[in-house]
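Asker: For reference, this is start-v6.pdb, and it has PDB, C-alpha atoms.
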```
ATOM      1  CA  MET A 668      16.219  -1.306 -14.807  1.00  0.00           C
ATOM      2  CA  SER A 669      14.616   1.792 -13.444  1.00  0.00           C
ATOM      3  CA  VAL A 670      13.651   2.588  -9.852  1.00  0.00           C
ATOM      4  CA  ARG A 671      11.884   5.823  -8.983  1.00  0.00           C
ATOM      5  CA  VAL A 672      10.636   7.200  -5.676  1.00  0.00           C
ATOM      6  CA  GLN A 673       8.477  10.263  -6.265  1.00  0.00           C
ATOM      7  CA  THR A 674       5.542  12.315  -4.978  1.00  0.00           C
ATOM      8  CA  ALA A 675       4.080  12.723  -8.480  1.00  0.00           C
ATOM      9  CA  ASP A 676       1.481  10.371  -9.934  1.00  0.00           C
ATOM     10  CA  PHE A 677       2.340   8.141 -12.903  1.00  0.00           C
ATOM     11  CA  ASP A 678       0.630   7.102 -16.135  1.00  0.00           C
ATOM     12  CA  LEU A 679       0.580   3.322 -16.470  1.00  0.00           C
ATOM     13  CA  GLY A 680       0.123   3.325 -20.262  1.00  0.00           C
ATOM     14  CA  GLU A 681       2.945   5.767 -20.834  1.00  0.00           C
ATOM     15  CA  GLU A 682       5.310   3.884 -18.524  1.00  0.00           C
ATOM     16  CA  ILE A 683       4.579   0.501 -20.140  1.00  0.00           C
ATOM     17  CA  LEU A 684       5.075   1.973 -23.598  1.00  0.00           C
ATOM     18  CA  LYS A 685       8.478   3.366 -22.553  1.00  0.00           C
ATOM     19  CA  LEU A 686       9.409  -0.007 -21.066  1.00  0.00           C
ATOM     20  CA  ARG A 687       8.727  -1.998 -24.228  1.00  0.00           C
ATOM     21  CA  ARG A 688       9.197   0.485 -27.062  1.00  0.00           C
ATOM     22  CA  GLY A 689      11.479  -0.593 -29.884  1.00  0.00           C
ATOM     23  CA  ASN A 690      12.331  -4.057 -28.579  1.00  0.00           C
ATOM     24  CA  PRO A 691      10.767  -6.744 -30.832  1.00  0.00           C
ATOM     25  CA  LYS A 692      12.099  -9.527 -28.591  1.00  0.00           C
ATOM     26  CA  ILE A 693       9.653  -8.612 -25.822  1.00  0.00           C
ATOM     27  CA  GLY A 694       6.658 -10.936 -25.926  1.00  0.00           C
ATOM     28  CA  ALA A 695       5.198 -10.090 -22.523  1.00  0.00           C
ATOM     29  CA  VAL A 696       4.868  -7.184 -20.144  1.00  0.00           C
ATOM     30  CA  ALA A 697       3.295  -7.815 -16.741  1.00  0.00           C
ATOM     31  CA  SER A 698       2.508  -4.997 -14.349  1.00  0.00           C
ATOM     32  CA  PHE A 699       1.036  -4.423 -10.919  1.00  0.00           C
ATOM     33  CA  VAL A 700      -0.458  -1.199  -9.597  1.00  0.00           C
ATOM     34  CA  GLY A 701      -1.142  -0.778  -5.875  1.00  0.00           C
ATOM     35  CA  LEU A 702      -3.843   1.693  -4.806  1.00  0.00           C
ATOM     36  CA  VAL A 703      -4.907   3.482  -1.624  1.00  0.00           C
ATOM     37  CA  ARG A 704      -8.121   1.954  -0.240  1.00  0.00           C
ATOM     38  CA  ASP A 705     -10.628   3.749   1.947  1.00  0.00           C
ATOM     39  CA  LEU A 706     -10.683   0.895   4.468  1.00  0.00           C
ATOM     40  CA  SER A 707      -7.915  -0.618   6.584  1.00  0.00           C
ATOM     41  CA  GLU A 708      -8.374  -3.269   9.287  1.00  0.00           C
ATOM     42  CA  GLY A 709     -12.091  -2.435   9.356  1.00  0.00           C
ATOM     43  CA  THR A 710     -11.550   1.314   9.853  1.00  0.00           C
ATOM     44  CA  ALA A 711     -12.327   4.084   7.378  1.00  0.00           C
ATOM     45  CA  VAL A 712      -9.242   5.772   5.928  1.00  0.00           C
ATOM     46  CA  SER A 713      -9.610   9.324   4.641  1.00  0.00           C
ATOM     47  CA  ALA A 714      -5.974   9.961   3.705  1.00  0.00           C
ATOM     48  CA  MET A 715      -2.512   8.475   3.999  1.00  0.00           C
ATOM     49  CA  THR A 716       1.074   9.683   4.187  1.00  0.00           C
ATOM     50  CA  LEU A 717       3.979   7.590   2.970  1.00  0.00           C
ATOM     51  CA  GLU A 718       7.354   8.172   4.583  1.00  0.00           C
ATOM     52  CA  HIS A 719      10.605   6.612   3.375  1.00  0.00           C
ATOM     53  CA  TYR A 720      14.343   6.518   4.024  1.00  0.00           C
ATOM     54  CA  PRO A 721      15.875   8.435   1.104  1.00  0.00           C
ATOM     55  CA  GLY A 722      18.898   6.617  -0.228  1.00  0.00           C
ATOM     56  CA  MET A 723      18.211   3.266   1.392  1.00  0.00           C
ATOM     57  CA  THR A 724      14.846   3.025  -0.348  1.00  0.00           C
ATOM     58  CA  GLU A 725      16.386   3.257  -3.810  1.00  0.00           C
ATOM     59  CA  LYS A 726      19.213   0.915  -2.810  1.00  0.00           C
ATOM     60  CA  ALA A 727      16.808  -1.707  -1.422  1.00  0.00           C
ATOM     61  CA  LEU A 728      14.600  -1.546  -4.525  1.00  0.00           C
ATOM     62  CA  GLU A 729      17.612  -1.874  -6.830  1.00  0.00           C
ATOM     63  CA  GLU A 730      18.787  -4.933  -4.910  1.00  0.00           C
ATOM     64  CA  ILE A 731      15.332  -6.521  -5.158  1.00  0.00           C
ATOM     65  CA  VAL A 732      15.170  -5.892  -8.899  1.00  0.00           C
ATOM     66  CA  ALA A 733      18.710  -7.242  -9.378  1.00  0.00           C
ATOM     67  CA  GLU A 734      17.665 -10.434  -7.604  1.00  0.00           C
ATOM     68  CA  ALA A 735      14.588 -10.753  -9.837  1.00  0.00           C
ATOM     69  CA  LYS A 736      16.819 -10.385 -12.903  1.00  0.00           C
ATOM     70  CA  GLN A 737      18.972 -13.261 -11.681  1.00  0.00           C
ATOM     71  CA  ARG A 738      15.960 -15.489 -11.159  1.00  0.00           C
ATOM     72  CA  TRP A 739      14.075 -14.836 -14.402  1.00  0.00           C
ATOM     73  CA  GLU A 740      14.804 -13.918 -18.023  1.00  0.00           C
ATOM     74  CA  LEU A 741      13.814 -10.263 -18.100  1.00  0.00           C
ATOM     75  CA  TYR A 742      14.507  -7.549 -20.617  1.00  0.00           C
ATOM     76  CA  ASP A 743      13.646  -4.660 -18.385  1.00  0.00           C
ATOM     77  CA  THR A 744      11.916  -3.731 -15.154  1.00  0.00           C
ATOM     78  CA  LEU A 745      10.340  -0.647 -13.685  1.00  0.00           C
ATOM     79  CA  VAL A 746       9.481   0.211 -10.092  1.00  0.00           C
ATOM     80  CA  ILE A 747       7.777   3.503  -9.199  1.00  0.00           C
ATOM     81  CA  HIS A 748       6.775   4.105  -5.569  1.00  0.00           C
ATOM     82  CA  ARG A 749       5.072   7.281  -4.471  1.00  0.00           C
ATOM     83  CA  VAL A 750       5.715   9.051  -1.162  1.00  0.00           C
ATOM     84  CA  GLY A 751       4.036  11.943   0.641  1.00  0.00           C
ATOM     85  CA  PRO A 752       0.309  12.546   1.086  1.00  0.00           C
ATOM     86  CA  LEU A 753      -2.112  10.270  -0.811  1.00  0.00           C
ATOM     87  CA  LEU A 754      -5.883   9.834  -0.926  1.00  0.00           C
ATOM     88  CA  PRO A 755      -8.121   6.778  -1.437  1.00  0.00           C
ATOM     89  CA  THR A 756      -8.102   5.673  -5.122  1.00  0.00           C
ATOM     90  CA  ASP A 757      -4.626   7.205  -5.615  1.00  0.00           C
ATOM     91  CA  GLN A 758      -1.948   5.015  -7.177  1.00  0.00           C
ATOM     92  CA  ILE A 759       0.842   4.086  -4.725  1.00  0.00           C
ATOM     93  CA  VAL A 760       3.139   1.740  -6.565  1.00  0.00           C
ATOM     94  CA  LEU A 761       3.844   0.382 -10.027  1.00  0.00           C
ATOM     95  CA  VAL A 762       5.939  -2.681 -10.760  1.00  0.00           C
ATOM     96  CA  ALA A 763       6.422  -3.853 -14.343  1.00  0.00           C
ATOM     97  CA  ALA A 764       8.621  -6.431 -16.028  1.00  0.00           C
ATOM     98  CA  SER A 765       9.172  -7.271 -19.685  1.00  0.00           C
ATOM     99  CA  SER A 766      10.319 -10.633 -20.980  1.00  0.00           C
ATOM    100  CA  ALA A 767       9.993 -12.977 -23.948  1.00  0.00           C
ATOM    101  CA  HIS A 768       7.246 -15.023 -22.275  1.00  0.00           C
ATOM    102  CA  ARG A 769       4.568 -14.327 -19.696  1.00  0.00           C
ATOM    103  CA  GLN A 770       5.723 -16.710 -16.956  1.00  0.00           C
ATOM    104  CA  ASP A 771       8.903 -14.752 -16.260  1.00  0.00           C
ATOM    105  CA  ALA A 772       7.137 -11.390 -16.361  1.00  0.00           C
ATOM    106  CA  PHE A 773       4.326 -12.508 -14.021  1.00  0.00           C
ATOM    107  CA  ALA A 774       6.677 -14.173 -11.541  1.00  0.00           C
ATOM    108  CA  ALA A 775       9.094 -11.249 -11.470  1.00  0.00           C
ATOM    109  CA  CYS A 776       6.320  -8.738 -10.739  1.00  0.00           C
ATOM    110  CA  GLU A 777       4.977 -10.829  -7.889  1.00  0.00           C
ATOM    111  CA  PHE A 778       8.443 -11.413  -6.461  1.00  0.00           C
ATOM    112  CA  ILE A 779       9.390  -7.722  -6.605  1.00  0.00           C
ATOM    113  CA  MET A 780       6.142  -6.732  -4.857  1.00  0.00           C
ATOM    114  CA  ASP A 781       6.500  -9.390  -2.145  1.00  0.00           C
ATOM    115  CA  TYR A 782      10.073  -8.317  -1.408  1.00  0.00           C
ATOM    116  CA  LEU A 783       9.271  -4.603  -1.631  1.00  0.00           C
ATOM    117  CA  LYS A 784       6.602  -5.057   1.046  1.00  0.00           C
ATOM    118  CA  THR A 785       9.043  -6.581   3.513  1.00  0.00           C
ATOM    119  CA  ARG A 786      12.408  -4.997   2.613  1.00  0.00           C
ATOM    120  CA  ALA A 787      12.018  -1.511   1.197  1.00  0.00           C
ATOM    121  CA  PRO A 788      11.957   1.196   3.912  1.00  0.00           C
ATOM    122  CA  PHE A 789       8.530   2.770   3.407  1.00  0.00           C
ATOM    123  CA  TRP A 790       6.007   3.439   6.184  1.00  0.00           C
ATOM    124  CA  LYS A 791       2.324   4.272   5.883  1.00  0.00           C
ATOM    125  CA  LYS A 792       0.463   6.534   8.259  1.00  0.00           C
ATOM    126  CA  GLU A 793      -3.328   6.542   7.905  1.00  0.00           C
ATOM    127  CA  GLU A 794      -5.882   9.192   8.837  1.00  0.00           C
ATOM    128  CA  THR A 795      -8.872   7.498  10.478  1.00  0.00           C
ATOM    129  CA  PRO A 796     -11.904   8.799  12.409  1.00  0.00           C
ATOM    130  CA  ASP A 797      -9.929   8.033  15.613  1.00  0.00           C
ATOM    131  CA  GLY A 798      -6.921  10.058  14.462  1.00  0.00           C
ATOM    132  CA  ALA A 799      -3.701   9.255  12.644  1.00  0.00           C
ATOM    133  CA  ARG A 800      -2.067   5.848  13.093  1.00  0.00           C
ATOM    134  CA  TRP A 801       1.011   4.105  11.745  1.00  0.00           C
ATOM    135  CA  VAL A 802       0.178   0.943   9.838  1.00  0.00           C
ATOM    136  CA  ASP A 803       1.493  -2.233  11.463  1.00  0.00           C
ATOM    137  CA  ALA A 804       3.503  -4.681   9.374  1.00  0.00           C
ATOM    138  CA  ARG A 805       1.509  -7.793   8.501  1.00  0.00           C
ATOM    139  CA  GLU A 806       2.617 -11.361   9.051  1.00  0.00           C
ATOM    140  CA  SER A 807       0.957 -12.364   5.775  1.00  0.00           C
ATOM    141  CA  ASP A 808       3.439 -10.094   3.951  1.00  0.00           C
ATOM    142  CA  ASP A 809       6.365 -11.875   5.618  1.00  0.00           C
ATOM    143  CA  GLU A 810       4.869 -15.206   4.576  1.00  0.00           C
ATOM    144  CA  ALA A 811       4.388 -13.999   1.003  1.00  0.00           C
ATOM    145  CA  ALA A 812       8.052 -13.008   0.808  1.00  0.00           C
ATOM    146  CA  LEU A 813       9.226 -16.268   2.390  1.00  0.00           C
ATOM    147  CA  ARG A 814       7.633 -18.422  -0.295  1.00  0.00           C
ATOM    148  CA  TRP A 815      10.303 -17.247  -2.749  1.00  0.00           C
ATOM    149  CA  ASP A 816      13.001 -18.661  -0.523  1.00  0.00           C
ATOM    150  CA  SER A 817      14.222 -21.811  -2.267  1.00  0.00           C
ATOM    151  CA  THR A 818      14.606 -23.590   1.083  1.00  0.00           C
ATOM    152  CA  ASN A 819      10.835 -23.435   1.450  1.00  0.00           C
ATOM    153  CA  GLY A 820      10.392 -25.413  -1.744  1.00  0.00           C
ATOM    154  CA  TYR A 821       8.115 -22.928  -3.503  1.00  0.00           C
ATOM    155  CA  ASN A 822      10.513 -21.779  -6.141  1.00  0.00           C
ATOM    156  CA  ASP A 823      12.126 -24.603  -8.119  1.00  0.00           C
TER     157      ASP A 823
ATOM    158  CA  MET B 743      31.047  10.068  15.704  1.00  0.00           C
ATOM    159  CA  ILE B 744      28.117   8.343  14.011  1.00  0.00           C
ATOM    160  CA  THR B 745      24.811   9.697  12.717  1.00  0.00           C
ATOM    161  CA  VAL B 746      21.670   7.993  14.000  1.00  0.00           C
ATOM    162  CA  LEU B 747      18.406   8.434  12.097  1.00  0.00           C
ATOM    163  CA  TYR B 748      14.905   7.644  13.342  1.00  0.00           C
ATOM    164  CA  PHE B 749      11.922   7.010  11.091  1.00  0.00           C
ATOM    165  CA  ALA B 750       8.128   6.756  11.204  1.00  0.00           C
ATOM    166  CA  ARG B 751       6.585   5.756  14.564  1.00  0.00           C
ATOM    167  CA  LEU B 752      10.000   5.759  16.257  1.00  0.00           C
ATOM    168  CA  ARG B 753      10.772   9.303  15.087  1.00  0.00           C
ATOM    169  CA  GLU B 754       7.468  10.499  16.512  1.00  0.00           C
ATOM    170  CA  SER B 755       7.576   8.728  19.846  1.00  0.00           C
ATOM    171  CA  LEU B 756      11.229   9.626  20.458  1.00  0.00           C
ATOM    172  CA  GLY B 757      10.650  13.187  19.258  1.00  0.00           C
ATOM    173  CA  LEU B 758      13.854  13.154  17.215  1.00  0.00           C
ATOM    174  CA  ASP B 759      14.721  12.497  13.585  1.00  0.00           C
ATOM    175  CA  ARG B 760      18.518  12.426  13.839  1.00  0.00           C
ATOM    176  CA  GLU B 761      21.429  12.878  16.208  1.00  0.00           C
ATOM    177  CA  GLN B 762      25.196  12.420  16.421  1.00  0.00           C
ATOM    178  CA  ILE B 763      26.675   9.978  18.909  1.00  0.00           C
ATOM    179  CA  GLU B 764      30.324   9.500  19.855  1.00  0.00           C
ATOM    180  CA  LEU B 765      31.680   5.951  19.582  1.00  0.00           C
ATOM    181  CA  SER B 766      33.789   4.497  22.405  1.00  0.00           C
ATOM    182  CA  SER B 767      35.275   1.185  23.468  1.00  0.00           C
ATOM    183  CA  SER B 768      31.975   0.319  25.138  1.00  0.00           C
ATOM    184  CA  LEU B 769      29.920   1.622  22.207  1.00  0.00           C
ATOM    185  CA  SER B 770      31.166  -0.123  19.096  1.00  0.00           C
ATOM    186  CA  THR B 771      28.330  -2.358  17.860  1.00  0.00           C
ATOM    187  CA  VAL B 772      24.635  -2.005  17.049  1.00  0.00           C
ATOM    188  CA  GLY B 773      23.852  -3.906  20.247  1.00  0.00           C
ATOM    189  CA  ASP B 774      25.920  -1.413  22.290  1.00  0.00           C
ATOM    190  CA  LEU B 775      24.096   1.474  20.650  1.00  0.00           C
ATOM    191  CA  ILE B 776      20.661   0.033  21.501  1.00  0.00           C
ATOM    192  CA  ALA B 777      21.763  -0.489  25.125  1.00  0.00           C
ATOM    193  CA  HIS B 778      23.083   3.093  25.222  1.00  0.00           C
ATOM    194  CA  LEU B 779      19.792   4.493  23.893  1.00  0.00           C
ATOM    195  CA  ARG B 780      17.634   2.333  26.192  1.00  0.00           C
ATOM    196  CA  ALA B 781      19.549   3.659  29.190  1.00  0.00           C
ATOM    197  CA  ARG B 782      18.079   7.108  28.503  1.00  0.00           C
ATOM    198  CA  GLY B 783      14.817   5.757  29.985  1.00  0.00           C
ATOM    199  CA  GLY B 784      11.295   6.981  29.189  1.00  0.00           C
ATOM    200  CA  ALA B 785      10.191   6.551  25.585  1.00  0.00           C
ATOM    201  CA  TRP B 786      13.667   5.263  24.672  1.00  0.00           C
ATOM    202  CA  GLN B 787      13.339   2.387  27.079  1.00  0.00           C
ATOM    203  CA  THR B 788       9.773   1.620  25.978  1.00  0.00           C
ATOM    204  CA  GLU B 789      10.288   1.876  22.231  1.00  0.00           C
ATOM    205  CA  LEU B 790      13.560  -0.042  22.190  1.00  0.00           C
ATOM    206  CA  ALA B 791      12.582  -2.652  24.804  1.00  0.00           C
ATOM    207  CA  PRO B 792      13.593  -6.251  24.054  1.00  0.00           C
ATOM    208  CA  GLY B 793      10.947  -7.881  21.878  1.00  0.00           C
ATOM    209  CA  LYS B 794       9.860  -4.607  20.260  1.00  0.00           C
ATOM    210  CA  PRO B 795       9.909  -4.944  16.478  1.00  0.00           C
ATOM    211  CA  VAL B 796      12.690  -2.444  15.691  1.00  0.00           C
ATOM    212  CA  ARG B 797      14.745  -2.756  12.501  1.00  0.00           C
ATOM    213  CA  ILE B 798      18.270  -1.382  12.229  1.00  0.00           C
ATOM    214  CA  ALA B 799      20.288  -0.451   9.159  1.00  0.00           C
ATOM    215  CA  VAL B 800      23.972   0.482   9.069  1.00  0.00           C
ATOM    216  CA  ASP B 801      25.034   2.486   6.038  1.00  0.00           C
ATOM    217  CA  GLN B 802      21.695   1.588   4.451  1.00  0.00           C
ATOM    218  CA  ASP B 803      22.066  -2.191   4.785  1.00  0.00           C
ATOM    219  CA  MET B 804      20.014  -4.198   7.262  1.00  0.00           C
ATOM    220  CA  ALA B 805      22.063  -4.928  10.376  1.00  0.00           C
ATOM    221  CA  ASN B 806      21.850  -6.957  13.590  1.00  0.00           C
ATOM    222  CA  PRO B 807      23.112  -6.436  17.161  1.00  0.00           C
ATOM    223  CA  ALA B 808      26.542  -7.845  16.290  1.00  0.00           C
ATOM    224  CA  THR B 809      27.109  -5.438  13.375  1.00  0.00           C
ATOM    225  CA  PRO B 810      30.147  -3.244  14.159  1.00  0.00           C
ATOM    226  CA  LEU B 811      29.923   0.544  13.997  1.00  0.00           C
ATOM    227  CA  ALA B 812      32.688   2.578  12.365  1.00  0.00           C
ATOM    228  CA  ASP B 813      33.386   6.262  12.717  1.00  0.00           C
ATOM    229  CA  GLY B 814      31.292   8.250  10.246  1.00  0.00           C
ATOM    230  CA  CYS B 815      28.700   5.537   9.632  1.00  0.00           C
ATOM    231  CA  GLU B 816      24.976   6.150   9.330  1.00  0.00           C
ATOM    232  CA  VAL B 817      22.711   4.061  11.532  1.00  0.00           C
ATOM    233  CA  ALA B 818      18.941   4.058  11.102  1.00  0.00           C
ATOM    234  CA  LEU B 819      16.315   2.744  13.512  1.00  0.00           C
ATOM    235  CA  PHE B 820      12.793   2.130  12.249  1.00  0.00           C
ATOM    236  CA  PRO B 821       9.694  -0.063  12.643  1.00  0.00           C
ATOM    237  CA  PRO B 822       9.003  -2.973  10.260  1.00  0.00           C
ATOM    238  CA  VAL B 823       8.293  -1.573   6.811  1.00  0.00           C
ATOM    239  CA  THR B 824       4.778  -1.120   5.405  1.00  0.00           C
ATOM    240  CA  GLY B 825       5.144   0.110   1.832  1.00  0.00           C
ATOM    241  CA  GLY B 826       3.571  -1.162  -1.364  1.00  0.00           C
TER     242      GLY B 826
END
```
Any chance you could put this one into structure tokens?
Answerer:
Amino acid sequence: MSVRVQTADFDLGEEILKLRRGNPKIGAVASFVGLVRDLSEGTAVSAMTLEHYPGMTEKALEEIVAEAKQRWELYDTLVIHRVGPLLPTDQIVLVAASSAHRQDAFAACEFIMDYLKTRAPFWKKEETPDGARWVDARESDDEAALRWDSTNGYND
Amino acid sequence: MITVLYFARLRESLGLDREQIELSSSLSTVGDLIAHLRARGGAWQTELAPGKPVRIAVDQDMANPATPLADGCEVALFPPVTGG
């Protein structure tokens, strides 16, 4: 399990290769890459800055990944989240999971992203034509995270 | 003495990223701390008003108003998170 918070960009191919190299039991690697868009809530975005809470960020991500490993059969996972100034088309986040079969890898990636969006202490500030603004948390993200709660009947 | 950290929108509107606060018999939980900060008035009162979506962590774990504060702990106040 690897969790990295960094300003530098990442190379998806290289990271996936490192994640799976030398393990013939891995039959599936699923990954998700989040990107900066040039539009947010109908307003043009020219740049973005990502702030985080050093220490708690890594801890929160490690807890999320540990929970994913309890729920699914995974060989390894990787989370990279960038911080600092970013521009539209830049990569923000990478989540990857390796497993014997695709179902576990797909589900784990989606779960880690849904929880990351509601639990990991990152904040986005966007540059728009009207000036800089902090992004508001979205209810749809809370709902996405809630569906993994077994009491809601989504996850058997 | 505890360390209180402020992040993102809160850090900007309060004009402060960290401070030290002395604990006392009337300041021993997260709820007490919020009341103490609100009493400063101005932006403190507005930003930390009841119903405002403020999240609190104690020693880097999410906390609630009943969470006790111990000498030397690190408390963080921040808006709901928006990463990913």
Asker: I'd like a table as JSON lines: residues in chain A with an atom no more than 12 Å from chain B, each row giving the shortest atom pair and its distance in Å to one decimal, all atoms listed in the file counted, sorted by chain and rising residue number.
Answerer:
```
{"residue": "A:Val672", "atom": "CA", "partner": "B:Gly825", "partner_atom": "CA", "distance": 11.7}
{"residue": "A:Phe699", "atom": "CA", "partner": "B:Gly826", "partner_atom": "CA", "distance": 10.4}
{"residue": "A:Val700", "atom": "CA", "partner": "B:Gly826", "partner_atom": "CA", "distance": 9.2}
{"residue": "A:Gly701", "atom": "CA", "partner": "B:Gly826", "partner_atom": "CA", "distance": 6.5}
{"residue": "A:Leu702", "atom": "CA", "partner": "B:Gly826", "partner_atom": "CA", "distance": 8.7}
{"residue": "A:Val703", "atom": "CA", "partner": "B:Gly826", "partner_atom": "CA", "distance": 9.7}
{"residue": "A:Met715", "atom": "CA", "partner": "B:Gly825", "partner_atom": "CA", "distance": 11.5}
{"residue": "A:Thr716", "atom": "CA", "partner": "B:Ala750", "partner_atom": "CA", "distance": 10.4}
{"residue": "A:Leu717", "atom": "CA", "partner": "B:Gly825", "partner_atom": "CA", "distance": 7.7}
{"residue": "A:Glu718", "atom": "CA", "partner": "B:Ala750", "partner_atom": "CA", "distance": 6.8}
{"residue": "A:His719", "atom": "CA", "partner": "B:Phe749", "partner_atom": "CA", "distance": 7.8}
{"residue": "A:Tyr720", "atom": "CA", "partner": "B:Phe749", "partner_atom": "CA", "distance": 7.5}
{"residue": "A:Pro721", "atom": "CA", "partner": "B:Gln802", "partner_atom": "CA", "distance": 9.6}
{"residue": "A:Gly722", "atom": "CA", "partner": "B:Gln802", "partner_atom": "CA", "distance": 7.4}
{"residue": "A:Met723", "atom": "CA", "partner": "B:Gln802", "partner_atom": "CA", "distance": 4.9}
{"residue": "A:Thr724", "atom": "CA", "partner": "B:Gln802", "partner_atom": "CA", "distance": 8.5}
{"residue": "A:Glu725", "atom": "CA", "partner": "B:Gln802", "partner_atom": "CA", "distance": 10.0}
{"residue": "A:Lys726", "atom": "CA", "partner": "B:Gln802", "partner_atom": "CA", "distance": 7.7}
{"residue": "A:Ala727", "atom": "CA", "partner": "B:Asp803", "partner_atom": "CA", "distance": 8.1}
{"residue": "A:Leu728", "atom": "CA", "partner": "B:Gly826", "partner_atom": "CA", "distance": 11.5}
{"residue": "A:Glu730", "atom": "CA", "partner": "B:Asp803", "partner_atom": "CA", "distance": 10.6}
{"residue": "A:Val746", "atom": "CA", "partner": "B:Gly826", "partner_atom": "CA", "distance": 10.6}
{"residue": "A:Ile747", "atom": "CA", "partner": "B:Gly826", "partner_atom": "CA", "distance": 10.0}
{"residue": "A:His748", "atom": "CA", "partner": "B:Gly826", "partner_atom": "CA", "distance": 7.5}
{"residue": "A:Arg749", "atom": "CA", "partner": "B:Gly826", "partner_atom": "CA", "distance": 9.1}
{"residue": "A:Val750", "atom": "CA", "partner": "B:Gly825", "partner_atom": "CA", "distance": 9.4}
{"residue": "A:Gly751", "atom": "CA", "partner": "B:Gly825", "partner_atom": "CA", "distance": 11.9}
{"residue": "A:Gln758", "atom": "CA", "partner": "B:Gly826", "partner_atom": "CA", "distance": 10.1}
{"residue": "A:Ile759", "atom": "CA", "partner": "B:Gly826", "partner_atom": "CA", "distance": 6.8}
{"residue": "A:Val760", "atom": "CA", "partner": "B:Gly826", "partner_atom": "CA", "distance": 6.0}
{"residue": "A:Leu761", "atom": "CA", "partner": "B:Gly826", "partner_atom": "CA", "distance": 8.8}
{"residue": "A:Val762", "atom": "CA", "partner": "B:Gly826", "partner_atom": "CA", "distance": 9.8}
{"residue": "A:Glu777", "atom": "CA", "partner": "B:Gly826", "partner_atom": "CA", "distance": 11.7}
{"residue": "A:Ile779", "atom": "CA", "partner": "B:Gly826", "partner_atom": "CA", "distance": 10.2}
{"residue": "A:Met780", "atom": "CA", "partner": "B:Gly826", "partner_atom": "CA", "distance": 7.1}
{"residue": "A:Asp781", "atom": "CA", "partner": "B:Gly826", "partner_atom": "CA", "distance": 8.8}
{"residue": "A:Tyr782", "atom": "CA", "partner": "B:Gly826", "partner_atom": "CA", "distance": 9.7}
{"residue": "A:Leu783", "atom": "CA", "partner": "B:Gly826", "partner_atom": "CA", "distance": 6.7}
{"residue": "A:Lys784", "atom": "CA", "partner": "B:Gly825", "partner_atom": "CA", "distance": 5.4}
{"residue": "A:Thr785", "atom": "CA", "partner": "B:Val823", "partner_atom": "CA", "distance": 6.0}
{"residue": "A:Arg786", "atom": "CA", "partner": "B:Val823", "partner_atom": "CA", "distance": 6.8}
{"residue": "A:Ala787", "atom": "CA", "partner": "B:Val823", "partner_atom": "CA", "distance": 6.7}
{"residue": "A:Pro788", "atom": "CA", "partner": "B:Val823", "partner_atom": "CA", "distance": 5.4}
{"residue": "A:Phe789", "atom": "CA", "partner": "B:Gly825", "partner_atom": "CA", "distance": 4.6}
{"residue": "A:Trp790", "atom": "CA", "partner": "B:Thr824", "partner_atom": "CA", "distance": 4.8}
{"residue": "A:Lys791", "atom": "CA", "partner": "B:Thr824", "partner_atom": "CA", "distance": 5.9}
{"residue": "A:Lys792", "atom": "CA", "partner": "B:Ala750", "partner_atom": "CA", "distance": 8.2}
{"residue": "A:Glu793", "atom": "CA", "partner": "B:Thr824", "partner_atom": "CA", "distance": 11.4}
{"residue": "A:Ala799", "atom": "CA", "partner": "B:Arg751", "partner_atom": "CA", "distance": 11.0}
{"residue": "A:Arg800", "atom": "CA", "partner": "B:Arg751", "partner_atom": "CA", "distance": 8.8}
{"residue": "A:Trp801", "atom": "CA", "partner": "B:Arg751", "partner_atom": "CA", "distance": 6.5}
{"residue": "A:Val802", "atom": "CA", "partner": "B:Thr824", "partner_atom": "CA", "distance": 6.7}
{"residue": "A:Asp803", "atom": "CA", "partner": "B:Thr824", "partner_atom": "CA", "distance": 7.0}
{"residue": "A:Ala804", "atom": "CA", "partner": "B:Thr824", "partner_atom": "CA", "distance": 5.5}
{"residue": "A:Arg805", "atom": "CA", "partner": "B:Thr824", "partner_atom": "CA", "distance": 8.0}
{"residue": "A:Glu806", "atom": "CA", "partner": "B:Pro822", "partner_atom": "CA", "distance": 10.6}
{"residue": "A:Ser807", "atom": "CA", "partner": "B:Thr824", "partner_atom": "CA", "distance": 11.9}
{"residue": "A:Asp808", "atom": "CA", "partner": "B:Thr824", "partner_atom": "CA", "distance": 9.2}
{"residue": "A:Asp809", "atom": "CA", "partner": "B:Pro822", "partner_atom": "CA", "distance": 10.4}
```
Asker: Could you give me, as a list of chain:residue names, the residues that sit within 8 Å of (12.6, -16.1, -16.3) in the file's coordinates, counting only C-alpha atoms?
Answerer: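 Using only C-alpha atoms, the matching residues come out as A:Lys736, A:Arg738, A:Trp739, A:Glu740, A:Leu741, A:Ser766, A:Gln770, A:Asp771, A:Ala772, A:Ala774, A:Ala775.
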Asker: Please list, as a ChimeraX atom specification, the residues that have an atom at most 10 Å away from (-14.1, 8.0, 16.1) in the coordinates of this file, counting only C-alpha atoms.
Answerer: /A:710-711,795-798
